[in-house]
Amino acid sequence: MLKATLLKAAASPTLKRQVTNNPVAWRVARRFIAGDRLDDAERTIRELNGAGMSVALDHLGENTESQSQARGASAAYLAALDRIQDGGLDANISVKLTALGLDLGRDLAAEEAAKVAARGKEVGAMVGVDMESAAYVDRTLDLVASLEESYDDVGVCLQAYLHRTPADLERLNGLGIPVRLVKGAYREPPEVALQRKADVDAAYARLLDVLVRDNAYPMVATHDQRLVALTKSLVARHGRDRSTFEFQMLHGVRRDLQAQVVAEGYRLRVYVPYGDQWYPYFMRRLAERPANLYFFVSNLLKR
Ligand code: FDA
C-alpha cells in the first residue's frame, strides 16, 4: 500500500516541485545520487574504482517532453562517455529511452540512442538500456535489438515481476544480448506483473538459472543476499568463468554486500546516477524500503 502510494507520487508534478526544491530532501537523496554534475559523478566513479568496483553511469532524466530535451539527454551521455575515455575510468553507461524521447516517437529515440551507442562503441563502454514501466517493454526491446545489430555492446534490463519476462529472456539469450536482471521498480497491475514479493523473488530465482546458463553476459542486479548466494552456486553449476558475468548494485544500497562480493573476487558494477532530475529515481528508492521513508520524514521534521 505504502509502496503503491510512493510509486504513484513519483509521477506527481506538484510533489516533484515541492520535494526537488527542498534542501532536506536533497540531503537525503544524496545517499543514492552522486551529485548534480558530471564532476560529482567522476569523483564517485574514482572512489568506487579505487575499491575495485566498476560503474554504470546514469544521467538522471525520464519522460522528456520535447525534442530539445531529448537531444540534451543524449548530449549529456556523449559528454559522460568522453569523460570516461579521457579520465581512463572503469565505467559504462545506462540510459532510459524515454529520456531520449521515446514518448515523442520511436524515430527520435532511435536516432539519439544510435548517437550514444556509436560513441559507446568507440570508447569500448557498454550502453545498458534501463527498463521502464510495462508500456515501454516492446518498444525498448525492439530498439535494443536493432541497436545491437549495428553497435555490438548494447545490453538491456529485464524485470522479474513481469509475466512476459521468461519469453523475453529466451529471445535475448538467442540474440546474444547481455541482460541485466532486476526485480522491477514500477507500479504495475496484476494482469501484467506479480504483486507479492515472495512471488517476485521466486520468479527471479527461476530466471536467474536461465540467465546464468544461456545469456551472453549476465548482469545480476540485486541486493538480495539469498539471490546473490544462489548466483554463486548457479555459476559453479553451469561452469561460468567469473569474467563472463557481473553483479550489479545501486549506489548507496547495501555497501556491506558490495564490499563482500568484491572481496570474494566477483565482478561488481555499481549503478551511479547523477543530475538534477532526481525526483522519480529517489521516490522509487523510497518505495523499495519503508525505512528510507521514515528516515526522510524524520529529517524533514528535524529541520
Ligand atoms: P529487495 O527489494 O528484496 O531488497 C533486498 C535488500 O536490499 C533489502 O532487504 C534491503 O536491505 C536492500 N535494499 C533494496 N532496496 C533498497 C533501497 N532502496 N534502500 C535501502 N536498502 C535497499 N528496476 C527497474 O524496474 N528497471 C531498471 O532498469 C532497474 N535498474 C536497476 C539497476 C541496478 C544495478 C539495480 C541494482 C536495480 C535496478 N532496478 C531497476 C531496481 C530493481 O528493480 C529493484 O527495485 C531494486 O533493486 C530492489 O530490489 P532487490 O533485488 O535489491 O531486492
# chains A, B, ... in the order shown; residues from 1 in each chain; ligands from 1
$ select_by_dssp --residues "segment 186-226 of chain A" --states "alpha helix (DSSP H)" --output "PyMOL selection string"
chain A and resi 197-214+225-226
$ write_last_selection --atoms "all heavy atoms" --output "short mmCIF file (atom, residue, chain, number, x, y, z; two decimals), in the first residue's frame"
data_model
loop_
_atom_site.label_atom_id
_atom_site.label_comp_id
_atom_site.auth_asym_id
_atom_site.auth_seq_id
_atom_site.Cartn_x
_atom_site.Cartn_y
_atom_site.Cartn_z
N LYS A 197 5.69 -10.00 -3.00
CA LYS A 197 7.16 -10.01 -3.01
C LYS A 197 7.72 -11.44 -3.11
O LYS A 197 8.67 -11.69 -3.86
CB LYS A 197 7.68 -9.30 -1.76
CG LYS A 197 9.19 -9.30 -1.68
CD LYS A 197 9.71 -8.38 -0.61
CE LYS A 197 11.17 -8.67 -0.28
NZ LYS A 197 12.06 -8.93 -1.39
N ALA A 198 7.08 -12.38 -2.37
CA ALA A 198 7.60 -13.75 -2.39
C ALA A 198 7.52 -14.34 -3.80
O ALA A 198 8.41 -15.09 -4.23
CB ALA A 198 6.79 -14.61 -1.41
N ASP A 199 6.47 -13.98 -4.55
CA ASP A 199 6.34 -14.49 -5.92
C ASP A 199 7.40 -13.87 -6.84
O ASP A 199 7.93 -14.54 -7.73
CB ASP A 199 4.94 -14.18 -6.48
CG ASP A 199 3.86 -14.96 -5.72
OD1 ASP A 199 4.20 -15.99 -5.10
OD2 ASP A 199 2.69 -14.53 -5.73
N VAL A 200 7.67 -12.59 -6.61
CA VAL A 200 8.69 -11.93 -7.44
C VAL A 200 10.06 -12.55 -7.16
O VAL A 200 10.83 -12.85 -8.08
CB VAL A 200 8.72 -10.40 -7.16
CG1 VAL A 200 9.81 -9.73 -7.98
CG2 VAL A 200 7.36 -9.77 -7.45
N ASP A 201 10.34 -12.77 -5.88
CA ASP A 201 11.64 -13.38 -5.52
C ASP A 201 11.79 -14.76 -6.17
O ASP A 201 12.85 -15.11 -6.69
CB ASP A 201 11.77 -13.52 -3.99
CG ASP A 201 11.86 -12.16 -3.30
OD1 ASP A 201 11.93 -11.13 -4.00
OD2 ASP A 201 11.86 -12.12 -2.05
N ALA A 202 10.70 -15.55 -6.14
CA ALA A 202 10.76 -16.90 -6.73
C ALA A 202 10.94 -16.82 -8.24
O ALA A 202 11.70 -17.61 -8.84
CB ALA A 202 9.49 -17.68 -6.37
N ALA A 203 10.25 -15.86 -8.87
CA ALA A 203 10.39 -15.70 -10.33
C ALA A 203 11.83 -15.30 -10.67
O ALA A 203 12.41 -15.79 -11.64
CB ALA A 203 9.41 -14.63 -10.83
N TYR A 204 12.40 -14.42 -9.85
CA TYR A 204 13.79 -14.00 -10.08
C TYR A 204 14.71 -15.23 -10.03
O TYR A 204 15.57 -15.42 -10.89
CB TYR A 204 14.20 -12.96 -9.03
CG TYR A 204 15.49 -12.22 -9.36
CD1 TYR A 204 15.49 -10.87 -9.70
CD2 TYR A 204 16.73 -12.87 -9.35
CE1 TYR A 204 16.66 -10.19 -10.01
CE2 TYR A 204 17.91 -12.20 -9.66
CZ TYR A 204 17.87 -10.86 -9.98
OH TYR A 204 19.04 -10.20 -10.30
N ALA A 205 14.50 -16.07 -9.03
CA ALA A 205 15.37 -17.25 -8.88
C ALA A 205 15.27 -18.16 -10.11
O ALA A 205 16.28 -18.67 -10.60
CB ALA A 205 15.01 -18.01 -7.60
N ARG A 206 14.05 -18.35 -10.63
CA ARG A 206 13.88 -19.20 -11.82
C ARG A 206 14.58 -18.59 -13.04
O ARG A 206 15.26 -19.28 -13.80
CB ARG A 206 12.38 -19.40 -12.12
CG ARG A 206 11.68 -20.36 -11.17
CD ARG A 206 10.29 -20.73 -11.69
NE ARG A 206 9.40 -19.58 -11.84
CZ ARG A 206 8.66 -19.07 -10.85
NH1 ARG A 206 8.69 -19.61 -9.65
NH2 ARG A 206 7.87 -18.02 -11.06
N LEU A 207 14.40 -17.28 -13.20
CA LEU A 207 15.00 -16.60 -14.35
C LEU A 207 16.53 -16.61 -14.26
O LEU A 207 17.23 -16.70 -15.27
CB LEU A 207 14.50 -15.15 -14.42
CG LEU A 207 13.03 -15.00 -14.80
CD1 LEU A 207 12.50 -13.64 -14.38
CD2 LEU A 207 12.85 -15.18 -16.32
N LEU A 208 17.01 -16.51 -13.03
CA LEU A 208 18.46 -16.48 -12.80
C LEU A 208 19.13 -17.73 -13.36
O LEU A 208 20.21 -17.66 -13.97
CB LEU A 208 18.69 -16.37 -11.29
CG LEU A 208 20.06 -15.98 -10.79
CD1 LEU A 208 20.53 -14.68 -11.42
CD2 LEU A 208 20.02 -15.82 -9.27
N ASP A 209 18.48 -18.87 -13.19
CA ASP A 209 19.04 -20.12 -13.68
C ASP A 209 19.23 -20.04 -15.21
O ASP A 209 20.28 -20.38 -15.75
CB ASP A 209 18.10 -21.27 -13.28
CG ASP A 209 18.72 -22.62 -13.60
OD1 ASP A 209 19.96 -22.74 -13.53
OD2 ASP A 209 17.97 -23.55 -13.94
N VAL A 210 18.18 -19.55 -15.89
CA VAL A 210 18.24 -19.46 -17.36
C VAL A 210 19.26 -18.39 -17.78
O VAL A 210 20.01 -18.57 -18.75
CB VAL A 210 16.84 -19.11 -17.91
CG1 VAL A 210 16.85 -19.01 -19.43
CG2 VAL A 210 15.81 -20.14 -17.45
N LEU A 211 19.28 -17.30 -17.05
CA LEU A 211 20.22 -16.21 -17.35
C LEU A 211 21.66 -16.69 -17.26
O LEU A 211 22.47 -16.48 -18.17
CB LEU A 211 19.99 -15.05 -16.35
CG LEU A 211 20.86 -13.80 -16.54
CD1 LEU A 211 20.26 -12.90 -17.61
CD2 LEU A 211 21.00 -13.01 -15.24
N VAL A 212 21.98 -17.32 -16.14
CA VAL A 212 23.37 -17.76 -15.91
C VAL A 212 23.75 -18.85 -16.92
O VAL A 212 24.87 -18.90 -17.42
CB VAL A 212 23.54 -18.26 -14.45
CG1 VAL A 212 24.89 -18.95 -14.26
CG2 VAL A 212 23.41 -17.09 -13.49
N ARG A 213 22.79 -19.70 -17.26
CA ARG A 213 23.09 -20.80 -18.18
C ARG A 213 23.28 -20.30 -19.62
O ARG A 213 24.20 -20.71 -20.31
CB ARG A 213 21.95 -21.83 -18.13
CG ARG A 213 22.30 -23.18 -18.73
CD ARG A 213 21.09 -24.09 -18.75
NE ARG A 213 20.03 -23.51 -19.57
CZ ARG A 213 18.72 -23.70 -19.37
NH1 ARG A 213 18.29 -24.46 -18.38
NH2 ARG A 213 17.82 -23.14 -20.16
N ASP A 214 22.39 -19.40 -20.06
CA ASP A 214 22.31 -19.13 -21.51
C ASP A 214 22.64 -17.71 -21.96
O ASP A 214 22.69 -17.46 -23.17
CB ASP A 214 20.87 -19.41 -22.00
CG ASP A 214 20.50 -20.88 -21.86
OD1 ASP A 214 21.42 -21.72 -21.82
OD2 ASP A 214 19.29 -21.18 -21.76
N GLN A 225 20.44 -10.91 -0.57
CA GLN A 225 21.55 -11.80 -0.21
C GLN A 225 21.34 -13.24 -0.66
O GLN A 225 22.26 -13.92 -1.06
CB GLN A 225 21.69 -11.78 1.31
CG GLN A 225 23.08 -11.52 1.76
CD GLN A 225 23.10 -10.97 3.17
OE1 GLN A 225 22.31 -10.08 3.52
NE2 GLN A 225 23.96 -11.51 3.99
N ARG A 226 20.05 -13.69 -0.59
CA ARG A 226 19.80 -15.09 -0.97
C ARG A 226 20.01 -15.28 -2.47
O ARG A 226 20.49 -16.30 -2.93
CB ARG A 226 18.37 -15.49 -0.58
CG ARG A 226 18.24 -15.80 0.92
CD ARG A 226 16.81 -15.90 1.31
NE ARG A 226 16.07 -14.74 0.75
CZ ARG A 226 14.77 -14.61 0.71
NH1 ARG A 226 14.00 -15.58 1.14
NH2 ARG A 226 14.19 -13.53 0.22
#
$ closest_atom_pairs --of "segment 81-149 of chain A" --to "segment 175-186 of chain A" --cutoff "12 Å" --atoms "only C-alpha atoms" --output "Markdown table"
| residue | atom | partner | partner_atom | distance |
| --- | --- | --- | --- | --- |
| A:Ser94 | CA | A:Arg180 | CA | 10.8 |
| A:Met126 | CA | A:Pro178 | CA | 9.6 |
| A:Val127 | CA | A:Pro178 | CA | 10.4 |
| A:Gly128 | CA | A:Arg180 | CA | 8.3 |
| A:Val129 | CA | A:Arg180 | CA | 9.0 |
| A:Asp130 | CA | A:Arg180 | CA | 8.6 |
| A:Met131 | CA | A:Gly184 | CA | 8.4 |
| A:Glu132 | CA | A:Tyr186 | CA | 7.4 |
| A:Ser133 | CA | A:Tyr186 | CA | 5.9 |
| A:Ala134 | CA | A:Tyr186 | CA | 8.3 |
| A:Ala135 | CA | A:Tyr186 | CA | 10.9 |
| A:Tyr136 | CA | A:Tyr186 | CA | 11.8 |
| A:Leu141 | CA | A:Ile177 | CA | 10.3 |
| A:Asp142 | CA | A:Leu175 | CA | 11.6 |
| A:Val144 | CA | A:Ile177 | CA | 8.7 |
| A:Ala145 | CA | A:Ile177 | CA | 7.8 |
| A:Ser146 | CA | A:Leu175 | CA | 10.7 |
| A:Leu147 | CA | A:Ile177 | CA | 10.5 |
| A:Glu148 | CA | A:Ile177 | CA | 7.4 |
| A:Glu149 | CA | A:Leu175 | CA | 9.5 |
$ write_last_selection --atoms "all heavy atoms" --output "compact mmCIF listing (two decimals), in the first residue's frame"
# COMPACT_ATOMS: atom_id res chain seq x y z
N SER A 94 24.28 3.79 -18.57
CA SER A 94 22.94 3.22 -18.55
C SER A 94 21.96 4.31 -18.95
O SER A 94 22.00 5.41 -18.38
CB SER A 94 22.65 2.74 -17.12
OG SER A 94 21.77 1.66 -17.16
N MET A 126 30.00 -0.48 -22.68
CA MET A 126 28.66 -0.98 -22.97
C MET A 126 27.61 0.11 -22.73
O MET A 126 27.71 0.88 -21.78
CB MET A 126 28.32 -2.17 -22.07
CG MET A 126 26.91 -2.71 -22.35
SD MET A 126 26.33 -3.88 -21.11
CE MET A 126 27.09 -5.37 -21.66
N VAL A 127 26.62 0.17 -23.60
CA VAL A 127 25.47 1.02 -23.35
C VAL A 127 24.35 0.11 -22.84
O VAL A 127 23.84 -0.73 -23.60
CB VAL A 127 25.04 1.77 -24.64
CG1 VAL A 127 23.75 2.54 -24.41
CG2 VAL A 127 26.16 2.70 -25.08
N GLY A 128 24.02 0.25 -21.58
CA GLY A 128 22.96 -0.54 -20.98
C GLY A 128 21.66 0.25 -21.07
O GLY A 128 21.66 1.46 -20.86
N VAL A 129 20.59 -0.42 -21.41
CA VAL A 129 19.30 0.28 -21.50
C VAL A 129 18.43 -0.16 -20.32
O VAL A 129 18.17 -1.36 -20.15
CB VAL A 129 18.61 -0.01 -22.85
CG1 VAL A 129 17.24 0.67 -22.92
CG2 VAL A 129 19.49 0.47 -24.01
N ASP A 130 18.03 0.81 -19.52
CA ASP A 130 17.16 0.53 -18.38
C ASP A 130 15.79 0.09 -18.88
O ASP A 130 15.39 0.43 -19.99
CB ASP A 130 16.96 1.81 -17.53
CG ASP A 130 18.20 2.20 -16.75
OD1 ASP A 130 19.16 1.41 -16.71
OD2 ASP A 130 18.19 3.30 -16.18
N MET A 131 15.05 -0.65 -18.03
CA MET A 131 13.67 -0.97 -18.39
C MET A 131 12.74 -0.10 -17.53
O MET A 131 12.88 -0.06 -16.31
CB MET A 131 13.37 -2.45 -18.18
CG MET A 131 12.05 -2.87 -18.80
SD MET A 131 11.91 -2.47 -20.58
CE MET A 131 12.86 -3.79 -21.31
N GLU A 132 11.80 0.56 -18.21
CA GLU A 132 10.87 1.44 -17.51
C GLU A 132 9.54 0.70 -17.34
O GLU A 132 9.51 -0.52 -17.25
CB GLU A 132 10.78 2.76 -18.27
CG GLU A 132 12.18 3.38 -18.41
CD GLU A 132 12.22 4.64 -19.23
OE1 GLU A 132 11.65 5.64 -18.80
OE2 GLU A 132 12.84 4.63 -20.32
N SER A 133 8.43 1.44 -17.28
CA SER A 133 7.17 0.75 -16.98
C SER A 133 6.77 -0.16 -18.15
O SER A 133 7.28 -0.05 -19.27
CB SER A 133 6.08 1.75 -16.65
OG SER A 133 5.82 2.54 -17.76
N ALA A 134 5.80 -1.06 -17.87
CA ALA A 134 5.50 -2.15 -18.82
C ALA A 134 5.09 -1.66 -20.21
O ALA A 134 5.33 -2.34 -21.20
CB ALA A 134 4.39 -3.02 -18.23
N ALA A 135 4.52 -0.46 -20.27
CA ALA A 135 4.07 0.06 -21.56
C ALA A 135 5.23 0.24 -22.54
O ALA A 135 5.02 0.35 -23.74
CB ALA A 135 3.37 1.41 -21.35
N TYR A 136 6.45 0.30 -22.03
CA TYR A 136 7.61 0.55 -22.90
C TYR A 136 8.38 -0.70 -23.29
O TYR A 136 9.34 -0.61 -24.04
CB TYR A 136 8.58 1.52 -22.19
CG TYR A 136 8.00 2.88 -21.92
CD1 TYR A 136 7.65 3.27 -20.63
CD2 TYR A 136 7.80 3.79 -22.96
CE1 TYR A 136 7.11 4.52 -20.37
CE2 TYR A 136 7.27 5.05 -22.72
CZ TYR A 136 6.93 5.40 -21.42
OH TYR A 136 6.39 6.63 -21.17
N LEU A 141 12.68 -3.29 -26.22
CA LEU A 141 13.38 -4.49 -26.70
C LEU A 141 13.63 -4.43 -28.21
O LEU A 141 14.70 -4.82 -28.68
CB LEU A 141 12.60 -5.75 -26.32
CG LEU A 141 12.51 -6.01 -24.80
CD1 LEU A 141 11.77 -7.32 -24.53
CD2 LEU A 141 13.88 -6.02 -24.14
N ASP A 142 12.65 -3.91 -28.95
CA ASP A 142 12.84 -3.82 -30.41
C ASP A 142 13.98 -2.87 -30.74
O ASP A 142 14.83 -3.15 -31.59
CB ASP A 142 11.55 -3.39 -31.11
CG ASP A 142 10.52 -4.53 -31.06
OD1 ASP A 142 10.91 -5.67 -30.73
OD2 ASP A 142 9.33 -4.27 -31.32
N VAL A 144 16.47 -2.00 -28.78
CA VAL A 144 17.75 -2.58 -28.34
C VAL A 144 18.24 -3.61 -29.36
O VAL A 144 19.42 -3.64 -29.71
CB VAL A 144 17.60 -3.22 -26.93
CG1 VAL A 144 18.76 -4.15 -26.62
CG2 VAL A 144 17.49 -2.13 -25.88
N ALA A 145 17.32 -4.45 -29.84
CA ALA A 145 17.73 -5.47 -30.82
C ALA A 145 18.30 -4.81 -32.07
O ALA A 145 19.32 -5.27 -32.62
CB ALA A 145 16.54 -6.37 -31.16
N SER A 146 17.70 -3.70 -32.51
CA SER A 146 18.25 -3.10 -33.74
C SER A 146 19.55 -2.35 -33.43
O SER A 146 20.47 -2.36 -34.25
CB SER A 146 17.22 -2.23 -34.46
OG SER A 146 17.03 -1.04 -33.78
N LEU A 147 19.68 -1.76 -32.26
CA LEU A 147 20.95 -1.09 -31.90
C LEU A 147 22.08 -2.11 -31.83
O LEU A 147 23.19 -1.87 -32.28
CB LEU A 147 20.83 -0.43 -30.52
CG LEU A 147 20.11 0.91 -30.42
CD1 LEU A 147 20.02 1.32 -28.95
CD2 LEU A 147 20.84 1.99 -31.22
N GLU A 148 21.77 -3.25 -31.23
CA GLU A 148 22.80 -4.28 -31.03
C GLU A 148 23.37 -4.76 -32.36
O GLU A 148 24.57 -5.04 -32.47
CB GLU A 148 22.19 -5.45 -30.25
CG GLU A 148 23.02 -5.89 -29.06
CD GLU A 148 24.15 -6.83 -29.44
OE1 GLU A 148 24.03 -7.52 -30.48
OE2 GLU A 148 25.16 -6.87 -28.71
N GLU A 149 22.50 -4.80 -33.38
CA GLU A 149 22.98 -5.26 -34.69
C GLU A 149 24.10 -4.37 -35.22
O GLU A 149 25.05 -4.84 -35.81
CB GLU A 149 21.82 -5.23 -35.70
CG GLU A 149 21.04 -6.51 -35.71
CD GLU A 149 19.87 -6.44 -36.69
OE1 GLU A 149 19.93 -5.67 -37.68
OE2 GLU A 149 18.89 -7.16 -36.46
$ residues_around --residues "Arg43 of chain A" --least-positions-apart "4" --cutoff "12 Å" --atoms "only C-alpha atoms" --output "ChimeraX atom specification"
/A:34-39,47-50,55,83-84,87,89,272,274
$ select_by_dssp --residues "segment 110-230 of chain A" --states "strand (DSSP E)" --output "ChimeraX atom specification"
/A:127-129,154-159,179-182,219-221
$ write_last_selection --atoms "N, CA and C atoms" --output "PDB file, in the first residue's frame"
ATOM      1  N   VAL A 127      26.616   0.167 -23.602  1.00  0.00           N
ATOM      2  CA  VAL A 127      25.466   1.021 -23.353  1.00  0.00           C
ATOM      3  C   VAL A 127      24.350   0.110 -22.844  1.00  0.00           C
ATOM      4  N   GLY A 128      24.024   0.250 -21.577  1.00  0.00           N
ATOM      5  CA  GLY A 128      22.956  -0.545 -20.979  1.00  0.00           C
ATOM      6  C   GLY A 128      21.660   0.247 -21.073  1.00  0.00           C
ATOM      7  N   VAL A 129      20.586  -0.422 -21.413  1.00  0.00           N
ATOM      8  CA  VAL A 129      19.301   0.277 -21.503  1.00  0.00           C
ATOM      9  C   VAL A 129      18.430  -0.161 -20.325  1.00  0.00           C
ATOM     10  N   VAL A 154      25.601  -3.540 -26.575  1.00  0.00           N
ATOM     11  CA  VAL A 154      24.392  -2.922 -26.036  1.00  0.00           C
ATOM     12  C   VAL A 154      23.691  -3.985 -25.194  1.00  0.00           C
ATOM     13  N   GLY A 155      23.324  -3.628 -23.977  1.00  0.00           N
ATOM     14  CA  GLY A 155      22.626  -4.569 -23.098  1.00  0.00           C
ATOM     15  C   GLY A 155      21.286  -3.991 -22.687  1.00  0.00           C
ATOM     16  N   VAL A 156      20.482  -4.800 -22.025  1.00  0.00           N
ATOM     17  CA  VAL A 156      19.159  -4.297 -21.617  1.00  0.00           C
ATOM     18  C   VAL A 156      18.743  -4.946 -20.308  1.00  0.00           C
ATOM     19  N   CYS A 157      17.865  -4.230 -19.611  1.00  0.00           N
ATOM     20  CA  CYS A 157      17.371  -4.718 -18.332  1.00  0.00           C
ATOM     21  C   CYS A 157      16.037  -5.457 -18.515  1.00  0.00           C
ATOM     22  N   LEU A 158      15.859  -6.578 -17.822  1.00  0.00           N
ATOM     23  CA  LEU A 158      14.555  -7.258 -17.761  1.00  0.00           C
ATOM     24  C   LEU A 158      14.103  -7.326 -16.310  1.00  0.00           C
ATOM     25  N   GLN A 159      12.775  -7.246 -16.119  1.00  0.00           N
ATOM     26  CA  GLN A 159      12.205  -7.197 -14.764  1.00  0.00           C
ATOM     27  C   GLN A 159      11.516  -8.524 -14.424  1.00  0.00           C
ATOM     28  N   VAL A 179      21.954  -9.269 -20.616  1.00  0.00           N
ATOM     29  CA  VAL A 179      20.759  -8.883 -19.859  1.00  0.00           C
ATOM     30  C   VAL A 179      21.107  -8.582 -18.400  1.00  0.00           C
ATOM     31  N   ARG A 180      20.568  -7.449 -17.931  1.00  0.00           N
ATOM     32  CA  ARG A 180      20.603  -7.133 -16.504  1.00  0.00           C
ATOM     33  C   ARG A 180      19.260  -7.559 -15.911  1.00  0.00           C
ATOM     34  N   LEU A 181      19.307  -8.488 -14.966  1.00  0.00           N
ATOM     35  CA  LEU A 181      18.056  -8.958 -14.362  1.00  0.00           C
ATOM     36  C   LEU A 181      17.796  -8.213 -13.052  1.00  0.00           C
ATOM     37  N   VAL A 182      16.602  -7.588 -12.964  1.00  0.00           N
ATOM     38  CA  VAL A 182      16.186  -6.904 -11.728  1.00  0.00           C
ATOM     39  C   VAL A 182      14.811  -7.430 -11.308  1.00  0.00           C
ATOM     40  N   MET A 219      24.036  -9.962 -16.037  1.00  0.00           N
ATOM     41  CA  MET A 219      24.273  -8.881 -15.072  1.00  0.00           C
ATOM     42  C   MET A 219      23.225  -9.062 -13.975  1.00  0.00           C
ATOM     43  N   VAL A 220      23.668  -9.565 -12.847  1.00  0.00           N
ATOM     44  CA  VAL A 220      22.759  -9.950 -11.775  1.00  0.00           C
ATOM     45  C   VAL A 220      22.596  -8.745 -10.846  1.00  0.00           C
ATOM     46  N   ALA A 221      21.484  -8.014 -11.021  1.00  0.00           N
ATOM     47  CA  ALA A 221      21.303  -6.740 -10.321  1.00  0.00           C
ATOM     48  C   ALA A 221      20.322  -6.901  -9.164  1.00  0.00           C
TER      49      ALA A 221
END
$ residues_around --residues "Gly105 of chain A" --least-positions-apart "6" --cutoff "12 Å" --atoms "only C-alpha atoms" --output "list of chain:residue names"
A:Asn63, A:Thr64, A:Glu65, A:Ser66, A:Gln67, A:Ala70, A:Leu97, A:Thr98, A:Ala99, A:Glu111, A:Glu112, A:Tyr136, A:Arg139, A:Leu143
$ closest_residue --among "A:Leu78, A:Val228, A:Ala29, A:Leu286" --to "Val261 of chain A" --atoms "only C-alpha atoms"
A:Val228
$ closest_residue --among "A:Met249, A:Ala259, A:Leu268, A:Ala76" --to "ligand 1" --atoms "only C-alpha atoms and all ligand atoms"
A:Met249
$ atom_distance --atom1 "atom CA of His223 of chain A" --atom2 "atom CA of Gly252 of chain A"
11.1 Å
